[in-house]
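Chemist: Enclosed is the structure file structure_27.txt (compact mmCIF, C-alpha atoms and all ligand atoms).
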```txt
# COMPACT_ATOMS: atom_id res chain seq x y z
CA MET A 18 12.86 -4.09 -7.90
CA ILE A 19 9.14 -3.84 -7.22
CA ASP A 20 7.13 -2.25 -4.41
CA LEU A 21 3.40 -2.90 -4.28
CA HIS A 22 2.52 -1.18 -1.00
CA THR A 23 3.09 2.57 -0.61
CA HIS A 24 1.25 5.57 0.80
CA THR A 25 1.23 9.21 -0.25
CA THR A 26 0.00 12.47 1.26
CA GLU A 27 -3.45 11.53 -0.06
CA SER A 28 -3.74 9.11 2.87
CA ASP A 29 -1.28 8.98 5.77
CA GLY A 30 2.07 9.21 4.01
CA THR A 31 4.29 12.28 3.92
CA CYS A 32 5.40 12.03 0.27
CA PRO A 33 3.15 13.69 -2.36
CA PRO A 34 2.16 11.33 -5.21
CA VAL A 35 4.29 13.00 -7.87
CA GLU A 36 7.33 13.02 -5.57
CA LEU A 37 6.78 9.34 -4.82
CA ILE A 38 7.34 8.58 -8.50
CA ALA A 39 10.62 10.54 -8.44
CA GLU A 40 11.56 8.62 -5.29
CA ALA A 41 10.75 5.33 -7.04
CA VAL A 42 13.01 6.28 -9.95
CA ARG A 43 15.83 7.16 -7.51
CA ALA A 44 15.36 3.91 -5.57
CA GLY A 45 15.31 1.81 -8.75
CA VAL A 46 11.71 0.66 -8.30
CA GLU A 47 10.42 -0.42 -11.71
CA VAL A 48 6.94 -1.58 -10.73
CA LEU A 49 5.13 0.48 -8.12
CA SER A 50 1.68 0.41 -6.64
CA ILE A 51 0.22 3.30 -4.66
CA THR A 52 -2.08 1.75 -2.07
CA ASP A 53 -3.42 4.73 -0.17
CA HIS A 54 -6.02 4.06 2.51
CA ASP A 55 -9.51 4.14 1.01
CA THR A 56 -8.69 6.46 -1.88
CA PHE A 57 -7.38 6.48 -5.45
CA ARG A 58 -6.47 10.17 -5.41
CA GLY A 59 -2.72 9.52 -5.04
CA TYR A 60 -2.77 7.02 -7.89
CA ASP A 61 -4.80 9.37 -10.08
CA GLN A 62 -2.35 12.22 -9.52
CA ALA A 63 0.76 10.09 -10.09
CA LEU A 64 -0.34 8.20 -13.20
CA SER A 65 0.77 10.59 -15.93
CA VAL A 66 4.11 11.31 -14.22
CA ALA A 67 4.69 7.58 -13.81
CA ARG A 68 4.11 7.09 -17.53
CA SER A 69 6.62 9.75 -18.51
CA SER A 70 9.12 8.41 -15.94
CA GLY A 71 8.90 4.83 -17.19
CA VAL A 72 7.67 3.55 -13.82
CA GLU A 73 5.00 0.88 -14.18
CA LEU A 74 2.27 2.08 -11.83
CA ILE A 75 -0.32 -0.47 -10.74
CA CYS A 76 -3.63 0.92 -9.53
CA GLY A 77 -4.04 -0.09 -5.88
CA ILE A 78 -5.83 0.66 -2.64
CA GLU A 79 -5.66 -0.41 1.01
CA LEU A 80 -9.06 -0.88 2.58
CA SER A 81 -9.72 -0.81 6.30
CA THR A 82 -12.02 -3.74 7.02
CA LYS A 83 -13.21 -5.76 9.96
CA LEU A 84 -12.65 -9.45 10.63
CA ASN A 85 -14.10 -10.96 13.81
CA GLY A 86 -14.42 -7.47 15.27
CA ARG A 87 -10.78 -6.57 14.62
CA SER A 88 -9.40 -4.15 12.09
CA VAL A 89 -7.77 -5.92 9.14
CA HIS A 90 -6.22 -4.22 6.14
CA LEU A 91 -7.04 -5.52 2.70
CA LEU A 92 -5.08 -4.57 -0.39
CA GLY A 93 -6.78 -4.31 -3.77
CA TYR A 94 -4.87 -4.33 -7.06
CA PHE A 95 -6.32 -3.45 -10.41
CA PRO A 96 -3.75 -4.33 -13.07
CA GLN A 97 -6.15 -3.33 -15.81
CA PRO A 98 -8.31 -0.52 -14.42
CA ASP A 99 -11.25 0.15 -16.67
CA GLY A 100 -14.97 0.87 -16.67
CA GLU A 101 -15.67 -1.94 -14.19
CA MET A 102 -14.33 0.29 -11.44
CA ALA A 103 -16.99 3.03 -11.45
CA ASP A 104 -19.14 1.37 -8.76
CA PHE A 105 -16.08 0.56 -6.68
CA ARG A 106 -14.86 4.15 -6.80
CA GLU A 107 -18.32 5.32 -5.74
CA TRP A 108 -18.25 2.95 -2.75
CA VAL A 109 -14.77 4.21 -1.80
CA LEU A 110 -16.11 7.79 -1.74
CA GLU A 111 -18.89 6.72 0.62
CA MET A 112 -16.31 5.28 2.99
CA GLN A 113 -14.36 8.53 2.91
CA ALA A 114 -17.50 10.37 3.99
CA SER A 115 -17.86 8.00 6.93
CA ARG A 116 -14.22 8.67 7.88
CA ARG A 117 -14.90 12.42 7.93
CA GLU A 118 -17.89 11.91 10.18
CA ARG A 119 -15.73 9.82 12.54
CA ASN A 120 -13.16 12.63 12.68
CA VAL A 121 -15.83 15.07 13.81
CA ARG A 122 -16.74 12.73 16.66
CA LEU A 123 -13.06 12.05 17.48
CA SER A 124 -12.31 15.75 17.95
CA GLU A 125 -15.41 16.04 20.18
CA ARG A 126 -14.28 13.05 22.23
CA LEU A 127 -10.78 14.53 22.69
CA ARG A 128 -12.34 17.80 23.85
CA GLU A 129 -14.34 15.83 26.45
CA LEU A 130 -11.03 14.42 27.68
CA GLY A 131 -9.67 17.95 28.09
CA VAL A 132 -7.47 17.70 25.02
CA ASP A 133 -7.41 20.77 22.82
CA VAL A 134 -7.04 19.22 19.35
CA SER A 135 -9.54 20.48 16.82
CA LEU A 136 -10.72 18.90 13.59
CA GLU A 137 -9.45 21.96 11.72
CA GLU A 138 -5.92 21.45 13.05
CA ALA A 139 -5.94 17.78 12.04
CA GLU A 140 -7.38 18.58 8.60
CA ALA A 141 -4.72 21.24 8.02
CA ILE A 142 -2.25 18.33 7.96
CA GLY A 143 -4.35 15.50 6.61
CA ARG A 144 -6.62 17.40 4.21
CA GLY A 145 -9.16 15.14 2.51
CA MET A 146 -7.74 11.98 4.06
CA THR A 147 -7.49 13.15 7.64
CA GLY A 148 -7.26 10.23 10.02
CA ARG A 149 -5.92 9.25 13.39
CA PRO A 150 -2.21 9.73 12.45
CA HIS A 151 -2.90 13.42 11.91
CA PHE A 152 -4.59 13.78 15.28
CA ALA A 153 -1.53 11.99 16.66
CA GLN A 154 0.81 14.56 15.12
CA ILE A 155 -1.09 17.42 16.76
CA LEU A 156 -1.07 15.60 20.11
CA VAL A 157 2.74 15.42 19.83
CA GLN A 158 3.11 19.02 18.64
CA LYS A 159 1.04 20.32 21.53
CA GLY A 160 2.98 18.27 24.05
CA TYR A 161 0.16 16.01 25.22
CA VAL A 162 2.32 12.98 24.37
CA ALA A 163 6.00 12.42 23.62
CA ASN A 164 5.60 10.66 20.28
CA ILE A 165 3.20 9.19 17.73
CA ARG A 166 3.24 5.75 19.38
CA GLN A 167 2.22 7.22 22.71
CA ALA A 168 -0.55 9.22 21.02
CA PHE A 169 -2.06 5.98 19.76
CA ASP A 170 -1.49 4.09 23.01
CA GLU A 171 -3.09 6.74 25.19
CA TYR A 172 -5.73 8.26 22.95
CA LEU A 173 -6.30 6.78 19.51
CA ASP A 174 -5.92 3.00 19.43
CA GLU A 175 -9.04 0.88 19.67
CA SER A 176 -8.26 0.12 23.32
CA ALA A 177 -7.46 3.76 24.19
CA ARG A 178 -9.78 6.20 25.97
CA GLY A 179 -10.13 8.62 23.06
CA TYR A 180 -11.12 5.99 20.50
CA VAL A 181 -14.37 6.46 18.62
CA TYR A 182 -16.00 3.83 16.48
CA ARG A 183 -16.06 4.06 12.71
CA ARG A 184 -18.23 1.98 10.43
CA GLU A 185 -15.92 -0.23 8.43
CA PRO A 186 -16.81 -2.90 5.92
CA GLN A 187 -16.30 -6.54 6.76
CA LEU A 188 -13.27 -8.16 5.14
CA THR A 189 -15.51 -10.39 3.07
CA GLU A 190 -17.35 -7.36 1.67
CA GLY A 191 -14.02 -5.75 0.78
CA VAL A 192 -12.94 -8.93 -1.04
CA ARG A 193 -16.24 -9.06 -2.90
CA ARG A 194 -16.08 -5.40 -3.93
CA ILE A 195 -12.47 -5.62 -5.12
CA ARG A 196 -13.18 -8.72 -7.16
CA GLY A 197 -16.37 -7.22 -8.50
CA ALA A 198 -14.26 -4.39 -9.90
CA GLY A 199 -11.93 -6.86 -11.60
CA GLY A 200 -9.23 -6.58 -8.92
CA ILE A 201 -7.02 -8.86 -6.88
CA ALA A 202 -7.71 -8.90 -3.13
CA SER A 203 -4.67 -9.48 -0.92
CA LEU A 204 -4.41 -9.84 2.85
CA ALA A 205 -2.11 -7.00 3.98
CA HIS A 206 0.80 -7.49 6.43
CA PRO A 207 -0.59 -10.80 7.73
CA THR A 208 1.84 -10.75 10.66
CA ARG A 209 -0.23 -7.98 12.23
CA ILE A 210 -3.40 -10.07 12.25
CA HIS A 211 -4.60 -11.12 15.67
CA GLY A 212 -5.07 -14.85 15.89
CA HIS A 213 -3.55 -17.57 13.74
CA VAL A 214 -3.55 -16.61 10.06
CA ALA A 215 -3.19 -20.25 9.01
CA ALA A 216 -6.44 -21.07 10.81
CA LEU A 217 -8.28 -18.11 9.24
CA LEU A 218 -7.17 -18.70 5.67
CA PRO A 219 -9.55 -21.50 4.64
CA ASP A 220 -12.54 -19.24 5.35
CA LEU A 221 -10.90 -16.24 3.68
CA CYS A 222 -10.08 -18.30 0.61
CA ALA A 223 -13.69 -19.50 0.52
CA ALA A 224 -14.74 -15.84 0.62
CA GLY A 225 -12.69 -15.22 -2.51
CA LEU A 226 -9.36 -13.90 -1.18
CA ASP A 227 -6.89 -13.99 -4.10
CA ALA A 228 -3.54 -13.27 -2.50
CA ILE A 229 -1.46 -12.76 0.62
CA GLU A 230 1.18 -10.09 1.27
CA ALA A 231 4.05 -12.46 1.99
CA TYR A 232 6.69 -9.74 1.62
CA HIS A 233 6.41 -6.76 3.96
CA SER A 234 8.78 -4.48 5.90
CA ASP A 235 7.48 -5.89 9.20
CA HIS A 236 8.15 -9.52 8.28
CA THR A 237 11.15 -11.49 9.48
CA PRO A 238 12.69 -13.88 6.91
CA GLN A 239 10.98 -16.73 8.79
CA GLU A 240 7.60 -15.03 8.55
CA THR A 241 8.06 -14.38 4.84
CA GLU A 242 8.84 -18.07 4.29
CA PHE A 243 5.84 -19.03 6.40
CA PHE A 244 3.45 -16.86 4.39
CA LEU A 245 4.94 -18.01 1.08
CA GLY A 246 4.25 -21.57 2.28
CA LEU A 247 0.64 -20.68 3.13
CA ALA A 248 0.24 -19.14 -0.32
CA ARG A 249 1.46 -22.36 -1.95
CA LYS A 250 -0.78 -24.48 0.26
CA HIS A 251 -3.92 -22.49 -0.53
CA GLY A 252 -3.12 -21.61 -4.13
CA LEU A 253 -2.98 -17.89 -3.34
CA LYS A 254 -1.17 -15.27 -5.36
CA ILE A 255 1.59 -13.31 -3.66
CA THR A 256 1.96 -9.58 -3.14
CA GLY A 257 4.54 -7.55 -1.27
CA GLY A 258 5.76 -4.08 -0.51
CA SER A 259 7.47 -1.75 1.92
CA ASP A 260 4.35 -0.01 3.28
CA PHE A 261 6.28 3.20 2.61
CA HIS A 262 4.90 6.18 4.56
CA GLY A 263 7.79 8.63 4.10
CA ALA A 264 8.88 10.49 7.24
CA LEU A 265 6.01 9.03 9.26
CA LYS A 266 7.75 5.64 9.22
CA PRO A 267 11.29 6.39 7.99
CA GLU A 268 12.63 2.90 8.72
CA ALA A 269 10.48 1.42 5.91
CA ARG A 270 12.42 2.39 2.77
CA LEU A 271 10.79 2.46 -0.63
CA GLY A 272 11.52 -0.80 -2.41
CA ALA A 273 14.02 -1.95 0.20
CA GLY A 274 11.90 -2.23 3.36
CA CYS A 275 13.37 -2.17 6.88
CA ASN A 276 17.14 -2.63 6.91
CA GLY A 277 16.91 -3.88 3.35
CA ASN A 278 14.72 -6.86 4.25
CA LEU A 279 12.80 -6.64 0.95
CA ASN A 280 13.93 -7.66 -2.48
CA ILE A 281 10.68 -8.63 -4.12
CA PRO A 282 11.14 -10.47 -7.40
CA ARG A 283 9.39 -9.17 -10.51
CA GLU A 284 7.95 -12.68 -10.96
CA VAL A 285 5.50 -11.92 -8.14
CA VAL A 286 3.53 -9.61 -10.42
CA ASP A 287 4.07 -11.75 -13.51
CA ALA A 288 2.53 -14.70 -11.64
CA TRP A 289 -0.74 -12.79 -11.15
CA GLY A 290 -1.55 -13.91 -14.65
CA ARG A 291 -2.77 -10.48 -15.76
CA SER A 292 -0.33 -8.06 -17.26
CA PRO A 293 -0.29 -4.65 -15.60
CA ALA A 294 -1.25 -1.72 -17.77
CA LYS A 295 1.98 -0.98 -19.56
CA SER A 296 3.48 2.46 -19.19
CA PRO A 297 4.93 3.76 -22.43
CA ALA A 298 8.70 3.96 -22.30
CA CYS A 299 10.44 7.27 -21.76
CA PRO A 300 10.40 9.41 -24.91
ZN ZN B 401 -1.98 -1.53 6.61
ZN ZN B 402 -0.25 0.30 4.21
```
Take the structure in the file and give it back as structure tokens.
Ligand SMILES: [Zn+2]
Ligand SMILES: [Zn+2]

Modeler:
Amino acid sequence: MIDLHTHTTESDGTCPPVELIAEAVRAGVEVLSITDHDTFRGYDQALSVARSSGVELICGIELSTKLNGRSVHLLGYFPQPDGEMADFREWVLEMQASRRERNVRLSERLRELGVDVSLEEAEAIGRGMTGRPHFAQILVQKGYVANIRQAFDEYLDESARGYVYRREPQLTEGVRRIRGAGGIASLAHPTRIHGHVAALLPDLCAAGLDAIEAYHSDHTPQETEFFLGLARKHGLKITGGSDFHGALKPEARLGAGCNGNLNIPREVVDAWGRSPAKSPACP
């Protein structure tokens, strides 16, 4: 079993990186990628534990990018992380700084709306990767909304009254940066993209997109088949994963997806044509 899309407490998941490796062992996940939003900190923390646990850990990241004014997530995989990545890591740190600055403005905006949710409260939960889900948790805890979904609908989503803009790279820049660092750029959960993915793909392929996330917890079997077909048509590689977030999204199970809708074959990674950095076997 493989799972190439997971989040830890270093972005918006609830499972610390080291515990995620233990969870992967329990779930029978042999090849795992940690794809935290805009950071490698979870991967960095988990790497040595993964090695001693015999879990093959692929260096990954999920970038928030823009395509035609909409937010689109882009996965980056680095099967052989090496010196090429220094510039990329530097760029990722710059984006984190811009996220922090957005959070300052978000807490100010909420205060204007009469909502008492401070940056400090959100950062107490989210630490260095504080983002909108952490503000959402406080909104729920303080009784402003009934649940996380409502927090986004009423305050945090792009169409909601509390939303504040954040500078995000264009999708094409994300693709270019990932490839420049020797990585594979994959379109994340394509079912969530507004507009017709099939119509967008020729341009994205021309921009250098390598792969598409055909397997994802949100995909119906028909959607998975559809995206596999698009991959064949455009000569794209395939990626897939549960988008595991721990307790924040309990229905998406590590390795297995929603209601067991994932069973991603190992061949998916083998077909990338670059062997992942091998983890030494258990002593
Ligand atoms: Zn995503
Ligand atoms: Zn994700």

Chemist: Point out the residue among A:Leu74, A:Ala67, A:Val132, A:Phe261 with the least atom-to-atom distance to Val162 (chain A), counting only C-alpha atoms.

Modeler: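 The closest residue to Val162 (chain A) is A:Val132.
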
Chemist: Give the padded box for region 256-275 of chain A as AutoDock Vina command-line options: axis-aligned, covering all atoms listed in the file, 3 Å on each side, centre and edge lengths in Å to one decimal.

Modeler:
```
--center_x 8.0 --center_y 0.5 --center_z 3.1 --size_x 18.1 --size_y 26.1 --size_z 18.4
```

Chemist: Give me the residues within 8 Å of Glu101 (chain A) as a list in words, counting only C-alpha atoms and dropping any in the same chain fewer than 5 places off.

Modeler: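 The residues that qualify are Gly197, Ala198 and Gly199 of chain A.
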
Chemist: So how many Å separate CA of Arg122 (chain A) and CA of Ala139 (chain A), to one decimal?

Modeler: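 Taking CA of Arg122 (chain A) and CA of Ala139 (chain A), their separation equals 12.8 Å.
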
Chemist: Collect all residues with atoms no farther than 10 Å from ligand ZN 401 (chain B), counting all atoms listed in the file, and output them as a compact mmCIF listing (two decimals) with C-alpha atoms, keeping the file's coordinate frame.

Modeler:
```
# COMPACT_ATOMS: atom_id res chain seq x y z
CA HIS A 22 2.52 -1.18 -1.00
CA THR A 23 3.09 2.57 -0.61
CA HIS A 24 1.25 5.57 0.80
CA THR A 52 -2.08 1.75 -2.07
CA ASP A 53 -3.42 4.73 -0.17
CA HIS A 54 -6.02 4.06 2.51
CA GLU A 79 -5.66 -0.41 1.01
CA LEU A 80 -9.06 -0.88 2.58
CA SER A 81 -9.72 -0.81 6.30
CA SER A 88 -9.40 -4.15 12.09
CA VAL A 89 -7.77 -5.92 9.14
CA HIS A 90 -6.22 -4.22 6.14
CA LEU A 91 -7.04 -5.52 2.70
CA LEU A 92 -5.08 -4.57 -0.39
CA LEU A 204 -4.41 -9.84 2.85
CA ALA A 205 -2.11 -7.00 3.98
CA HIS A 206 0.80 -7.49 6.43
CA PRO A 207 -0.59 -10.80 7.73
CA ARG A 209 -0.23 -7.98 12.23
CA ASP A 260 4.35 -0.01 3.28
```

Chemist: Record the distance separating CA of Asp29 (chain A) and CA of Leu245 (chain A), expressed in Å with one decimal.

Modeler: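 That distance, rounded to one decimal, is 28.1 Å.
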
Chemist: Would you list the residues near (-3.0, 12.6, 0.4), meaning any protein, DNA or RNA residue with an atom at most 12 Å from that point in file coordinates, counting all atoms listed in the file, as an NGL selection string?

Modeler: :A and (23-37 or 51-63 or 140-148 or 151 or 262)

Chemist: With only C-alpha atoms as the atoms that count, which of A:Gly131, A:Gly225, A:Pro267, A:Gly86 lies nearest to Arg183 (chain A)?

Modeler: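 Looking only at the distances to Arg183 (chain A), the closest residue turns out to be A:Gly86.
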
Chemist: I'd like the interatomic distance between CA of Ile19 (chain A) and CA of Ile75 (chain A), to a tenth of an Å.

Modeler: 10.6 Å

Chemist: Would you be able to write out as an MDAnalysis selection string which residues have an atom within 12 Å of (-2.7, 7.6, 27.6) in the file's coordinates, counting only C-alpha atoms?

Modeler: chainID A and resid 127 130 132 153 156 161:174 176:180

Chemist: With all atoms listed in the file as the basis for distance, which of A:Ala215, A:Leu188, A:Leu271, A:Asn280 is at the shortest distance from Lys250 (chain A)?

Modeler: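 Of the candidates, the smallest distance to Lys250 (chain A) is held by A:Ala215.
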